[in-house]
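Comments concern the structure below.
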Amino acid sequence: MLLIITQVDITSLKYVALLVISVVIHYKLPSRFRILYLVILSCGFIANLNVYLPLYLIFYVCINFYLGLKISTLKWGKLFFYIGIILNLSQLLIIRYASFAIDPLLVFFGSGFKLSLISEIILPIGISYYTLQGIGYLINVRMGWEKAEVNFLQFSLYIIFFPKFLSGPIERSNHFLKQVKDLKEFNENNITIGLRIILIGLFKKIVIANQLSPYVVNTFNNINSVPDDTLWLIMMIQPLYLYFDFSGYTDIAVGSAKLFGIDLLPNFNRPFFSKNMTIFWKRFHISLSSWFNDYVFRQLSFKLRRWGVLATLTGLLITWILFGIWHGAGWTFMLLGFLQALVIAYEFFTKKWRAYLFSKIPDKLGLWIGRISTYLFFSAALTFFFAPDMTSVTAFFKKLMHLNFRIPLDGISTYPFMLIIYIPLFWIIELLQEDYDHLYLGLVEKIRGNKKGRLLRWSLYSIILTALIIEGFKNQQFIYANF
């Protein structure tokens with residue numbers, strides 16, 4: 001356990017070593033001690049990020065555990081429910097958004113106190129994730145969708161389980177808690193699947209995302225020095241960087257949990273093969289978009305149902321602006337959410353017209369027009385995600401208008417030439433899964449079913465490991481760790 005005290009990054013060899021040792025200990029322990037062990041392990045992992053954070057999390061867990069019991073047992077349940085929602089949102093506002101929403105008000109009224117100083121003591125690591133998990137649990141209990149959890153250790157693990165703590169997936173209590181009530185015994189298949197998912201996640205993050213990172217990050221560090229045509233290429237790269245970075249983390253988290261016999265919610269399902277943005281957000285960051293759909297949009301639409309069509313519009317607007325604000329305190333994130341609301345509203349109200357229009361052209365052509373349009377819109381929208389402020393956003397789009405019709409390679413290094421192979425390879429695999437699933441499943445069966453297939457599989461594992469060793473297990477932060 002002493003390994004936890006030193007800084008452990010999820011893509012580092014230290015994390016791999018910690019994971020291997022932790023899994024061995026987990027299955028050696030009697031089953032009645034495993035939940036306690038995972039809670040202690042998770043607290044240790046979090047303490048390596050910030051020593052004060054586990055203490056705050058114990059307080060947070062106690063409050064939500066207590067409120068869950070009160071909501072389900074007392075006639076004052078509704079009052080305790082609202083207290084719980086207010087407390088959860090208040091601590092998120094104070095720790096995460098004080099510098100944007102509260103400090104300016106204090107300055108306006110002549111106070112020299114900065115509430116954001118609290119976030120320097122209690123770092124807002126993972127707060128956007130565990131807050132939604134806490135709120136989701138209270139709503140489930142209040143609505144009668146699940147019973148209040150009576151086991152404190154199991155509820156604690158739901159909030160702080162270390163593989164998902166930094167950047168999700170955002171778990172649902174009725175999905176996670178029923179698993180930890182009956183933790184699985186050692187299963188070789190779980191270990192094999194978990195290690196395979198982790199390996200793919202490390203490859204996505206270290207070999208692909210880390211090589212794309214300098215182009216996107218450096219662009220917004222000094223946007224005026226970037227050639228105009230190059231920005232078109234940067235814009236096209238933005239979705240790839242975000243996808244391989246975030247899905248890489250998700251794979252590592254899902255694979256790590258699988259080693260302990262726990263299945264986390266999926267977060268990605270071939271999003272770049274979506275034919276519109278409505279479908280895209282059912283496939284990209286699924287745990288977050290589905291959370292906002294279930295707990296915000298549906299609830300708002302139901303309460304405002306007398307408004308008719310306006311209920312849908314209002315629900316979309318509020319949901320997606322909150323979705324944007326969840327990502328960060330700033331106008332760029334609010335506008336990012338607003339843009340998603342606009343395009344999804346457009347798709348909702350033009351559904352019949354678009355269906356008629358696309359019926360006039362071949363199905364495959366219509367499908368690919370939708371996919372390309374969706375990718376282009378998301379590419380442009382991500383400018384609001386990566387840009388530090390609205391000045392940078394304005395400068396970015398102004399420079400895009402200065403077309404010289406040259407191949408935009410100025411300022412682009414030829415170093416990551418292997419990305420030209422790696423990224424299309426991932427896309428080909430996902431295309432087979434999406435459009436030619438019978439062919440894909442047949443290929444998988446052949447690979448599994450004979451010696452040549454096993455040789456090919458282990459050759460691929462060897463190539464991935466070699467690429468990881470060449471690139472090095474570098475400590476480079478995941479994008480979504482900021483949220």
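Simple scheme: letters A, B, ... for chains in structure tokens order, numbers from 1 for residues in each chain, numbers from 1 for ligands in the order shown.
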Sorted by chain and rising residue number, list the residues of range 252-300 of chain A at most 9 Å from range 13-35 of chain A (counting only C-alpha atoms), each with its closest atom pair and distance in Å to one decimal, as CSV.
```
residue,atom,partner,partner_atom,distance
A:Ser256,CA,A:Leu19,CA,7.4
A:Leu259,CA,A:Val23,CA,6.7
A:Phe260,CA,A:Val23,CA,6.5
```
Convert the current residue selection to file output with C-alpha atoms, as a compact mmCIF listing (two decimals), in the first residue's frame.
```
# COMPACT_ATOMS: atom_id res chain seq x y z
CA SER A 256 -9.15 -1.71 -14.36
CA LEU A 259 -10.00 -6.86 -13.14
CA PHE A 260 -11.90 -6.55 -9.84
```
Apply DSSP to the backbone of this structure and, from range 293-440 of chain A, keep only the residues in alpha helix (DSSP H); write these as an mmCIF file with N, CA and C atoms, in the first residue's frame.
```
data_model
loop_
_atom_site.group_PDB
_atom_site.id
_atom_site.type_symbol
_atom_site.label_atom_id
_atom_site.label_comp_id
_atom_site.auth_asym_id
_atom_site.auth_seq_id
_atom_site.Cartn_x
_atom_site.Cartn_y
_atom_site.Cartn_z
ATOM 1 N N ARG A 298 -35.622 15.114 -19.302
ATOM 2 C CA ARG A 298 -36.916 14.430 -19.136
ATOM 3 C C ARG A 298 -37.728 15.016 -17.985
ATOM 4 N N GLN A 299 -37.046 15.354 -16.906
ATOM 5 C CA GLN A 299 -37.764 15.922 -15.755
ATOM 6 C C GLN A 299 -38.332 17.298 -16.103
ATOM 7 N N LEU A 300 -37.531 18.121 -16.798
ATOM 8 C CA LEU A 300 -38.004 19.447 -17.202
ATOM 9 C C LEU A 300 -39.155 19.342 -18.199
ATOM 10 N N SER A 301 -39.013 18.461 -19.178
ATOM 11 C CA SER A 301 -40.055 18.304 -20.196
ATOM 12 C C SER A 301 -41.368 17.851 -19.577
ATOM 13 N N PHE A 302 -41.267 16.990 -18.565
ATOM 14 C CA PHE A 302 -42.484 16.509 -17.905
ATOM 15 C C PHE A 302 -43.154 17.630 -17.109
ATOM 16 N N LYS A 303 -42.342 18.388 -16.363
ATOM 17 C CA LYS A 303 -42.908 19.468 -15.544
ATOM 18 C C LYS A 303 -43.504 20.587 -16.400
ATOM 19 N N VAL A 309 -44.830 22.269 -27.474
ATOM 20 C CA VAL A 309 -43.534 22.276 -28.157
ATOM 21 C C VAL A 309 -42.511 23.119 -27.397
ATOM 22 N N LEU A 310 -42.981 24.192 -26.751
ATOM 23 C CA LEU A 310 -42.068 25.044 -25.985
ATOM 24 C C LEU A 310 -41.388 24.286 -24.850
ATOM 25 N N ALA A 311 -42.068 23.262 -24.334
ATOM 26 C CA ALA A 311 -41.475 22.449 -23.265
ATOM 27 C C ALA A 311 -40.217 21.747 -23.766
ATOM 28 N N THR A 312 -40.292 21.219 -24.991
ATOM 29 C CA THR A 312 -39.125 20.557 -25.584
ATOM 30 C C THR A 312 -37.996 21.542 -25.823
ATOM 31 N N LEU A 313 -38.337 22.699 -26.392
ATOM 32 C CA LEU A 313 -37.322 23.714 -26.659
ATOM 33 C C LEU A 313 -36.650 24.204 -25.384
ATOM 34 N N THR A 314 -37.473 24.506 -24.385
ATOM 35 C CA THR A 314 -36.941 24.994 -23.103
ATOM 36 C C THR A 314 -36.073 23.934 -22.447
ATOM 37 N N GLY A 315 -36.574 22.693 -22.484
ATOM 38 C CA GLY A 315 -35.813 21.592 -21.897
ATOM 39 C C GLY A 315 -34.472 21.405 -22.573
ATOM 40 N N LEU A 316 -34.465 21.472 -23.902
ATOM 41 C CA LEU A 316 -33.214 21.331 -24.651
ATOM 42 C C LEU A 316 -32.230 22.442 -24.306
ATOM 43 N N LEU A 317 -32.729 23.666 -24.293
ATOM 44 C CA LEU A 317 -31.864 24.814 -24.055
ATOM 45 C C LEU A 317 -31.234 24.744 -22.666
ATOM 46 N N ILE A 318 -32.048 24.531 -21.647
ATOM 47 C CA ILE A 318 -31.535 24.485 -20.268
ATOM 48 C C ILE A 318 -30.584 23.300 -20.089
ATOM 49 N N THR A 319 -30.985 22.140 -20.613
ATOM 50 C CA THR A 319 -30.168 20.933 -20.445
ATOM 51 C C THR A 319 -28.786 21.107 -21.055
ATOM 52 N N TRP A 320 -28.742 21.634 -22.280
ATOM 53 C CA TRP A 320 -27.453 21.704 -22.965
ATOM 54 C C TRP A 320 -26.595 22.859 -22.473
ATOM 55 N N ILE A 321 -27.195 23.918 -21.989
ATOM 56 C CA ILE A 321 -26.385 24.987 -21.377
ATOM 57 C C ILE A 321 -25.762 24.473 -20.076
ATOM 58 N N LEU A 322 -26.549 23.731 -19.294
ATOM 59 C CA LEU A 322 -25.996 23.112 -18.079
ATOM 60 C C LEU A 322 -24.907 22.103 -18.433
ATOM 61 N N PHE A 323 -25.137 21.384 -19.509
ATOM 62 C CA PHE A 323 -24.136 20.430 -20.004
ATOM 63 C C PHE A 323 -22.829 21.149 -20.318
ATOM 64 N N GLY A 324 -22.934 22.317 -20.964
ATOM 65 C CA GLY A 324 -21.740 23.098 -21.267
ATOM 66 C C GLY A 324 -21.063 23.613 -20.014
ATOM 67 N N ILE A 325 -21.871 24.155 -19.085
ATOM 68 C CA ILE A 325 -21.313 24.691 -17.836
ATOM 69 C C ILE A 325 -20.648 23.590 -17.021
ATOM 70 N N TRP A 326 -21.181 22.371 -17.098
ATOM 71 C CA TRP A 326 -20.568 21.244 -16.381
ATOM 72 C C TRP A 326 -19.096 21.108 -16.768
ATOM 73 N N HIS A 327 -18.785 21.394 -18.031
ATOM 74 C CA HIS A 327 -17.412 21.246 -18.511
ATOM 75 C C HIS A 327 -16.489 22.337 -17.990
ATOM 76 N N TRP A 331 -17.689 31.504 -20.679
ATOM 77 C CA TRP A 331 -18.643 31.708 -21.766
ATOM 78 C C TRP A 331 -18.435 30.726 -22.900
ATOM 79 N N THR A 332 -17.211 30.286 -23.100
ATOM 80 C CA THR A 332 -16.953 29.336 -24.185
ATOM 81 C C THR A 332 -17.735 28.042 -23.969
ATOM 82 N N PHE A 333 -17.759 27.561 -22.730
ATOM 83 C CA PHE A 333 -18.471 26.309 -22.457
ATOM 84 C C PHE A 333 -19.982 26.495 -22.524
ATOM 85 N N MET A 334 -20.464 27.664 -22.100
ATOM 86 C CA MET A 334 -21.899 27.943 -22.216
ATOM 87 C C MET A 334 -22.326 27.952 -23.682
ATOM 88 N N LEU A 335 -21.505 28.577 -24.526
ATOM 89 C CA LEU A 335 -21.823 28.625 -25.954
ATOM 90 C C LEU A 335 -21.681 27.258 -26.603
ATOM 91 N N LEU A 336 -20.750 26.454 -26.113
ATOM 92 C CA LEU A 336 -20.625 25.082 -26.602
ATOM 93 C C LEU A 336 -21.935 24.324 -26.370
ATOM 94 N N GLY A 337 -22.477 24.441 -25.165
ATOM 95 C CA GLY A 337 -23.751 23.798 -24.865
ATOM 96 C C GLY A 337 -24.891 24.378 -25.672
ATOM 97 N N PHE A 338 -24.900 25.702 -25.838
ATOM 98 C CA PHE A 338 -25.962 26.371 -26.600
ATOM 99 C C PHE A 338 -25.974 25.893 -28.052
ATOM 100 N N LEU A 339 -24.790 25.722 -28.651
ATOM 101 C CA LEU A 339 -24.695 25.227 -30.024
ATOM 102 C C LEU A 339 -25.277 23.821 -30.159
ATOM 103 N N GLN A 340 -25.015 22.973 -29.155
ATOM 104 C CA GLN A 340 -25.576 21.615 -29.199
ATOM 105 C C GLN A 340 -27.099 21.676 -29.126
ATOM 106 N N ALA A 341 -27.612 22.563 -28.283
ATOM 107 C CA ALA A 341 -29.070 22.717 -28.168
ATOM 108 C C ALA A 341 -29.673 23.159 -29.497
ATOM 109 N N LEU A 342 -29.025 24.110 -30.165
ATOM 110 C CA LEU A 342 -29.532 24.619 -31.443
ATOM 111 C C LEU A 342 -29.597 23.522 -32.495
ATOM 112 N N VAL A 343 -28.507 22.775 -32.637
ATOM 113 C CA VAL A 343 -28.473 21.778 -33.707
ATOM 114 C C VAL A 343 -29.425 20.619 -33.417
ATOM 115 N N ILE A 344 -29.565 20.244 -32.150
ATOM 116 C CA ILE A 344 -30.480 19.144 -31.821
ATOM 117 C C ILE A 344 -31.932 19.595 -31.973
ATOM 118 N N ALA A 345 -32.210 20.846 -31.637
ATOM 119 C CA ALA A 345 -33.554 21.391 -31.871
ATOM 120 C C ALA A 345 -33.853 21.418 -33.367
ATOM 121 N N TYR A 346 -32.867 21.840 -34.151
ATOM 122 C CA TYR A 346 -33.029 21.852 -35.613
ATOM 123 C C TYR A 346 -33.348 20.446 -36.126
ATOM 124 N N GLU A 347 -32.606 19.459 -35.656
ATOM 125 C CA GLU A 347 -32.827 18.081 -36.107
ATOM 126 C C GLU A 347 -34.195 17.566 -35.679
ATOM 127 N N PHE A 348 -34.639 17.992 -34.510
ATOM 128 C CA PHE A 348 -35.946 17.551 -33.998
ATOM 129 C C PHE A 348 -37.084 18.116 -34.858
ATOM 130 N N PHE A 349 -37.012 19.397 -35.184
ATOM 131 C CA PHE A 349 -38.118 20.046 -35.886
ATOM 132 C C PHE A 349 -38.072 19.865 -37.404
ATOM 133 N N LYS A 351 -37.107 16.833 -38.774
ATOM 134 C CA LYS A 351 -36.936 15.393 -38.969
ATOM 135 C C LYS A 351 -37.684 14.892 -40.205
ATOM 136 N N LYS A 352 -38.955 15.260 -40.357
ATOM 137 C CA LYS A 352 -39.751 14.787 -41.493
ATOM 138 C C LYS A 352 -39.222 15.361 -42.805
ATOM 139 N N TRP A 353 -38.877 16.651 -42.799
ATOM 140 C CA TRP A 353 -38.367 17.297 -44.006
ATOM 141 C C TRP A 353 -37.064 16.658 -44.449
ATOM 142 N N ARG A 354 -36.167 16.365 -43.507
ATOM 143 C CA ARG A 354 -34.892 15.751 -43.853
ATOM 144 C C ARG A 354 -35.080 14.320 -44.341
ATOM 145 N N ALA A 355 -36.019 13.589 -43.701
ATOM 146 C CA ALA A 355 -36.307 12.220 -44.147
ATOM 147 C C ALA A 355 -36.797 12.215 -45.597
ATOM 148 N N TYR A 356 -37.662 13.183 -45.945
ATOM 149 C CA TYR A 356 -38.157 13.292 -47.322
ATOM 150 C C TYR A 356 -37.018 13.633 -48.285
ATOM 151 N N LEU A 357 -36.170 14.574 -47.887
ATOM 152 C CA LEU A 357 -35.064 15.002 -48.735
ATOM 153 C C LEU A 357 -34.100 13.852 -49.004
ATOM 154 N N PHE A 358 -33.749 13.106 -47.959
ATOM 155 C CA PHE A 358 -32.785 12.019 -48.110
ATOM 156 C C PHE A 358 -33.381 10.794 -48.804
ATOM 157 N N ASP A 363 -29.399 5.476 -50.100
ATOM 158 C CA ASP A 363 -29.275 5.405 -48.637
ATOM 159 C C ASP A 363 -27.840 5.602 -48.163
ATOM 160 N N LYS A 364 -26.894 4.936 -48.830
ATOM 161 C CA LYS A 364 -25.494 5.035 -48.413
ATOM 162 C C LYS A 364 -24.961 6.456 -48.556
ATOM 163 N N LEU A 365 -25.355 7.105 -49.640
ATOM 164 C CA LEU A 365 -24.915 8.483 -49.856
ATOM 165 C C LEU A 365 -25.475 9.393 -48.776
ATOM 166 N N GLY A 366 -26.761 9.239 -48.467
ATOM 167 C CA GLY A 366 -27.386 10.041 -47.409
ATOM 168 C C GLY A 366 -26.746 9.792 -46.063
ATOM 169 N N LEU A 367 -26.424 8.521 -45.803
ATOM 170 C CA LEU A 367 -25.785 8.166 -44.532
ATOM 171 C C LEU A 367 -24.439 8.867 -44.390
ATOM 172 N N TRP A 368 -23.620 8.851 -45.447
ATOM 173 C CA TRP A 368 -22.287 9.433 -45.363
ATOM 174 C C TRP A 368 -22.322 10.955 -45.390
ATOM 175 N N ILE A 369 -23.324 11.534 -46.045
ATOM 176 C CA ILE A 369 -23.494 12.988 -45.964
ATOM 177 C C ILE A 369 -23.774 13.385 -44.516
ATOM 178 N N GLY A 370 -24.633 12.613 -43.851
ATOM 179 C CA GLY A 370 -24.938 12.869 -42.440
ATOM 180 C C GLY A 370 -23.730 12.705 -41.548
ATOM 181 N N ARG A 371 -22.956 11.654 -41.783
ATOM 182 C CA ARG A 371 -21.777 11.399 -40.957
ATOM 183 C C ARG A 371 -20.728 12.505 -41.118
ATOM 184 N N ILE A 372 -20.481 12.895 -42.353
ATOM 185 C CA ILE A 372 -19.478 13.936 -42.603
ATOM 186 C C ILE A 372 -19.936 15.281 -42.045
ATOM 187 N N SER A 373 -21.221 15.592 -42.222
ATOM 188 C CA SER A 373 -21.758 16.852 -41.683
ATOM 189 C C SER A 373 -21.662 16.887 -40.162
ATOM 190 N N THR A 374 -21.955 15.761 -39.532
ATOM 191 C CA THR A 374 -21.872 15.662 -38.068
ATOM 192 C C THR A 374 -20.445 15.874 -37.589
ATOM 193 N N TYR A 375 -19.490 15.242 -38.271
ATOM 194 C CA TYR A 375 -18.081 15.390 -37.891
ATOM 195 C C TYR A 375 -17.624 16.838 -38.047
ATOM 196 N N LEU A 376 -18.018 17.471 -39.148
ATOM 197 C CA LEU A 376 -17.613 18.858 -39.395
ATOM 198 C C LEU A 376 -18.197 19.806 -38.347
ATOM 199 N N PHE A 377 -19.469 19.604 -38.005
ATOM 200 C CA PHE A 377 -20.079 20.457 -36.981
ATOM 201 C C PHE A 377 -19.369 20.283 -35.645
ATOM 202 N N PHE A 378 -19.118 19.036 -35.265
ATOM 203 C CA PHE A 378 -18.461 18.779 -33.984
ATOM 204 C C PHE A 378 -17.045 19.339 -33.982
ATOM 205 N N SER A 379 -16.360 19.246 -35.121
ATOM 206 C CA SER A 379 -15.004 19.803 -35.239
ATOM 207 C C SER A 379 -15.015 21.302 -34.953
ATOM 208 N N ALA A 380 -15.967 22.006 -35.567
ATOM 209 C CA ALA A 380 -16.052 23.456 -35.369
ATOM 210 C C ALA A 380 -16.461 23.796 -33.938
ATOM 211 N N ALA A 381 -17.423 23.039 -33.396
ATOM 212 C CA ALA A 381 -17.919 23.311 -32.042
ATOM 213 C C ALA A 381 -16.830 23.130 -30.994
ATOM 214 N N LEU A 382 -15.909 22.188 -31.233
ATOM 215 C CA LEU A 382 -14.846 21.936 -30.252
ATOM 216 C C LEU A 382 -13.872 23.099 -30.108
ATOM 217 N N THR A 383 -13.932 24.041 -31.029
ATOM 218 C CA THR A 383 -13.122 25.247 -30.859
ATOM 219 C C THR A 383 -13.499 25.950 -29.561
ATOM 220 N N PHE A 384 -14.789 25.953 -29.232
ATOM 221 C CA PHE A 384 -15.250 26.540 -27.967
ATOM 222 C C PHE A 384 -14.775 25.724 -26.774
ATOM 223 N N PHE A 385 -14.536 24.443 -26.983
ATOM 224 C CA PHE A 385 -14.078 23.540 -25.920
ATOM 225 C C PHE A 385 -12.600 23.779 -25.603
ATOM 226 N N PHE A 386 -11.786 23.890 -26.647
ATOM 227 C CA PHE A 386 -10.335 23.995 -26.449
ATOM 228 C C PHE A 386 -9.848 25.425 -26.249
ATOM 229 N N MET A 390 -13.182 33.729 -25.362
ATOM 230 C CA MET A 390 -13.906 34.090 -26.575
ATOM 231 C C MET A 390 -13.020 34.845 -27.567
ATOM 232 N N THR A 391 -12.015 35.551 -27.070
ATOM 233 C CA THR A 391 -11.076 36.248 -27.962
ATOM 234 C C THR A 391 -10.365 35.246 -28.861
ATOM 235 N N SER A 392 -9.952 34.118 -28.275
ATOM 236 C CA SER A 392 -9.273 33.074 -29.047
ATOM 237 C C SER A 392 -10.220 32.428 -30.042
ATOM 238 N N VAL A 393 -11.480 32.228 -29.628
ATOM 239 C CA VAL A 393 -12.482 31.651 -30.540
ATOM 240 C C VAL A 393 -12.669 32.556 -31.750
ATOM 241 N N THR A 394 -12.832 33.854 -31.494
ATOM 242 C CA THR A 394 -13.028 34.819 -32.583
ATOM 243 C C THR A 394 -11.832 34.839 -33.518
ATOM 244 N N ALA A 395 -10.635 34.845 -32.944
ATOM 245 C CA ALA A 395 -9.417 34.858 -33.757
ATOM 246 C C ALA A 395 -9.314 33.595 -34.612
ATOM 247 N N PHE A 396 -9.687 32.458 -34.025
ATOM 248 C CA PHE A 396 -9.621 31.173 -34.731
ATOM 249 C C PHE A 396 -10.509 31.197 -35.972
ATOM 250 N N PHE A 397 -11.774 31.600 -35.812
ATOM 251 C CA PHE A 397 -12.702 31.568 -36.938
ATOM 252 C C PHE A 397 -12.402 32.665 -37.965
ATOM 253 N N LYS A 398 -11.871 33.778 -37.526
ATOM 254 C CA LYS A 398 -11.468 34.825 -38.475
ATOM 255 C C LYS A 398 -10.348 34.318 -39.380
ATOM 256 N N LYS A 399 -9.377 33.639 -38.773
ATOM 257 C CA LYS A 399 -8.249 33.131 -39.556
ATOM 258 C C LYS A 399 -8.682 32.009 -40.500
ATOM 259 N N LEU A 400 -9.736 31.284 -40.129
ATOM 260 C CA LEU A 400 -10.240 30.224 -41.009
ATOM 261 C C LEU A 400 -10.751 30.792 -42.328
ATOM 262 N N LEU A 419 0.823 7.910 -37.033
ATOM 263 C CA LEU A 419 -0.602 8.215 -36.826
ATOM 264 C C LEU A 419 -1.388 8.030 -38.113
ATOM 265 N N ILE A 420 -0.702 8.195 -39.248
ATOM 266 C CA ILE A 420 -1.357 8.014 -40.548
ATOM 267 C C ILE A 420 -1.808 6.566 -40.705
ATOM 268 N N ILE A 421 -1.161 5.673 -39.970
ATOM 269 C CA ILE A 421 -1.551 4.256 -39.987
ATOM 270 C C ILE A 421 -2.514 3.948 -38.845
ATOM 271 N N TYR A 422 -2.168 4.411 -37.638
ATOM 272 C CA TYR A 422 -2.937 4.030 -36.452
ATOM 273 C C TYR A 422 -4.382 4.511 -36.507
ATOM 274 N N ILE A 423 -4.595 5.795 -36.817
ATOM 275 C CA ILE A 423 -5.955 6.352 -36.779
ATOM 276 C C ILE A 423 -6.860 5.709 -37.824
ATOM 277 N N PRO A 424 -6.435 5.612 -39.100
ATOM 278 C CA PRO A 424 -7.289 4.907 -40.067
ATOM 279 C C PRO A 424 -7.564 3.456 -39.683
ATOM 280 N N LEU A 425 -6.579 2.806 -39.038
ATOM 281 C CA LEU A 425 -6.784 1.415 -38.619
ATOM 282 C C LEU A 425 -7.936 1.315 -37.624
ATOM 283 N N PHE A 426 -7.958 2.227 -36.644
ATOM 284 C CA PHE A 426 -9.067 2.247 -35.689
ATOM 285 C C PHE A 426 -10.387 2.514 -36.408
ATOM 286 N N TRP A 427 -10.374 3.442 -37.355
ATOM 287 C CA TRP A 427 -11.602 3.775 -38.079
ATOM 288 C C TRP A 427 -12.096 2.603 -38.935
ATOM 289 N N ILE A 428 -11.177 1.874 -39.535
ATOM 290 C CA ILE A 428 -11.565 0.707 -40.338
ATOM 291 C C ILE A 428 -12.224 -0.348 -39.455
ATOM 292 N N ILE A 429 -11.637 -0.581 -38.285
ATOM 293 C CA ILE A 429 -12.216 -1.560 -37.351
ATOM 294 C C ILE A 429 -13.611 -1.125 -36.921
ATOM 295 N N GLU A 430 -13.761 0.172 -36.590
ATOM 296 C CA GLU A 430 -15.068 0.670 -36.168
ATOM 297 C C GLU A 430 -16.076 0.659 -37.322
ATOM 298 N N LEU A 431 -15.599 0.913 -38.536
ATOM 299 C CA LEU A 431 -16.481 0.852 -39.702
ATOM 300 C C LEU A 431 -16.992 -0.569 -39.910
ATOM 301 N N LEU A 432 -16.110 -1.545 -39.769
ATOM 302 C CA LEU A 432 -16.531 -2.946 -39.890
ATOM 303 C C LEU A 432 -17.564 -3.287 -38.822
ATOM 304 N N GLN A 433 -17.323 -2.836 -37.588
ATOM 305 C CA GLN A 433 -18.277 -3.101 -36.508
ATOM 306 C C GLN A 433 -19.622 -2.434 -36.773
ATOM 307 N N GLU A 434 -19.583 -1.240 -37.364
ATOM 308 C CA GLU A 434 -20.799 -0.452 -37.555
ATOM 309 C C GLU A 434 -21.614 -0.905 -38.763
ATOM 310 N N ASP A 435 -20.958 -1.061 -39.916
ATOM 311 C CA ASP A 435 -21.673 -1.299 -41.177
ATOM 312 C C ASP A 435 -21.566 -2.728 -41.689
ATOM 313 N N ASP A 437 -21.029 -5.778 -39.637
ATOM 314 C CA ASP A 437 -20.826 -6.517 -38.400
ATOM 315 C C ASP A 437 -20.661 -8.017 -38.620
ATOM 316 N N HIS A 438 -21.359 -8.583 -39.614
ATOM 317 C CA HIS A 438 -21.223 -10.024 -39.888
ATOM 318 C C HIS A 438 -19.807 -10.348 -40.347
ATOM 319 N N LEU A 439 -19.251 -9.490 -41.196
ATOM 320 C CA LEU A 439 -17.877 -9.674 -41.647
ATOM 321 C C LEU A 439 -16.912 -9.540 -40.483
ATOM 322 N N TYR A 440 -17.151 -8.533 -39.631
ATOM 323 C CA TYR A 440 -16.274 -8.300 -38.467
ATOM 324 C C TYR A 440 -16.309 -9.499 -37.514
#
```
Counting only C-alpha atoms, what is within 9 Å of Pro388 in chain A, bar same-chain residues fewer than 6 positions away, as a CSV table (one decimal) with N, CA and C atoms, in the first residue's frame?
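Listing of selection08.csv after writing:
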```csv
chain,number,residue,atom,x,y,z
A,220,PHE,N,-3.7,27.0,-29.5
A,220,PHE,CA,-4.5,28.0,-28.7
A,220,PHE,C,-3.6,28.7,-27.7
A,221,ASN,N,-2.3,28.3,-27.5
A,221,ASN,CA,-1.4,29.0,-26.7
A,221,ASN,C,-0.9,30.2,-27.4
A,330,GLY,N,-17.1,29.3,-17.8
A,330,GLY,CA,-16.7,30.3,-18.8
A,330,GLY,C,-17.7,30.4,-20.0
A,332,THR,N,-17.2,30.3,-23.1
A,332,THR,CA,-17.0,29.3,-24.2
A,332,THR,C,-17.7,28.0,-24.0
```
Gap from CA of Lys204 in chain A to CA of Gly248 in chain A - Å, one decimal: 5.0 Å
So that each row is one residue of range 266-332 of chain A with an atom at most 12 Å from range 135-151 of chain A, can you give its shortest atom pair and the distance in Å to one decimal, using only C-alpha atoms, rows by chain and rising number, as JSON lines?
```
{"residue": "A:Ser287", "atom": "CA", "partner": "A:Gly136", "partner_atom": "CA", "distance": 11.7}
{"residue": "A:Leu288", "atom": "CA", "partner": "A:Gly136", "partner_atom": "CA", "distance": 11.4}
{"residue": "A:Ser290", "atom": "CA", "partner": "A:Gly136", "partner_atom": "CA", "distance": 11.4}
{"residue": "A:Trp291", "atom": "CA", "partner": "A:Gly136", "partner_atom": "CA", "distance": 7.9}
{"residue": "A:Phe292", "atom": "CA", "partner": "A:Gly136", "partner_atom": "CA", "distance": 9.9}
{"residue": "A:Asn293", "atom": "CA", "partner": "A:Gly136", "partner_atom": "CA", "distance": 11.8}
{"residue": "A:Asp294", "atom": "CA", "partner": "A:Gly136", "partner_atom": "CA", "distance": 9.4}
{"residue": "A:Tyr295", "atom": "CA", "partner": "A:Gly136", "partner_atom": "CA", "distance": 7.2}
{"residue": "A:Val296", "atom": "CA", "partner": "A:Gly136", "partner_atom": "CA", "distance": 10.3}
{"residue": "A:Gln299", "atom": "CA", "partner": "A:Ile139", "partner_atom": "CA", "distance": 10.7}
```
Write the residues you've just listed into a file as a tab-separated table (two decimals), in the first residue's frame, and include C-alpha atoms for each of them.
```
chain	number	residue	atom	x	y	z
A	287	SER	CA	-22.61	8.31	-19.22
A	288	LEU	CA	-22.76	12.15	-19.09
A	290	SER	CA	-27.57	10.06	-20.73
A	291	TRP	CA	-27.38	11.47	-17.17
A	292	PHE	CA	-28.46	14.92	-18.38
A	293	ASN	CA	-31.14	13.35	-20.58
A	294	ASP	CA	-32.64	11.27	-17.74
A	295	TYR	CA	-32.28	13.64	-14.79
A	296	VAL	CA	-32.59	17.07	-16.41
A	299	GLN	CA	-37.76	15.92	-15.76
```
Hey, what's within 9 Å of Thr250 in chain A if we count only C-alpha atoms and toss same-chain stuff fewer than 5 positions away? As a VMD selection string, please? chain A and resid 163 to 164 167 to 169 198 201 245 255 266 to 268
Write the residues you've just listed into a file as a compact mmCIF listing (two decimals), in the first residue's frame, and include C-alpha atoms for each of them.
```txt
# COMPACT_ATOMS: atom_id res chain seq x y z
CA PRO A 163 -10.67 3.65 -11.62
CA LYS A 164 -13.62 5.95 -12.38
CA SER A 167 -12.90 11.16 -15.29
CA GLY A 168 -15.76 8.70 -15.05
CA PRO A 169 -17.65 6.97 -16.48
CA ILE A 198 -6.39 -1.44 -20.59
CA GLY A 201 -6.68 2.41 -23.71
CA ASP A 245 -7.59 10.93 -25.18
CA GLY A 255 -10.46 -2.42 -17.86
CA PRO A 266 -19.89 2.30 -21.42
CA ASN A 267 -18.88 5.79 -22.51
CA PHE A 268 -18.30 5.50 -26.27
```
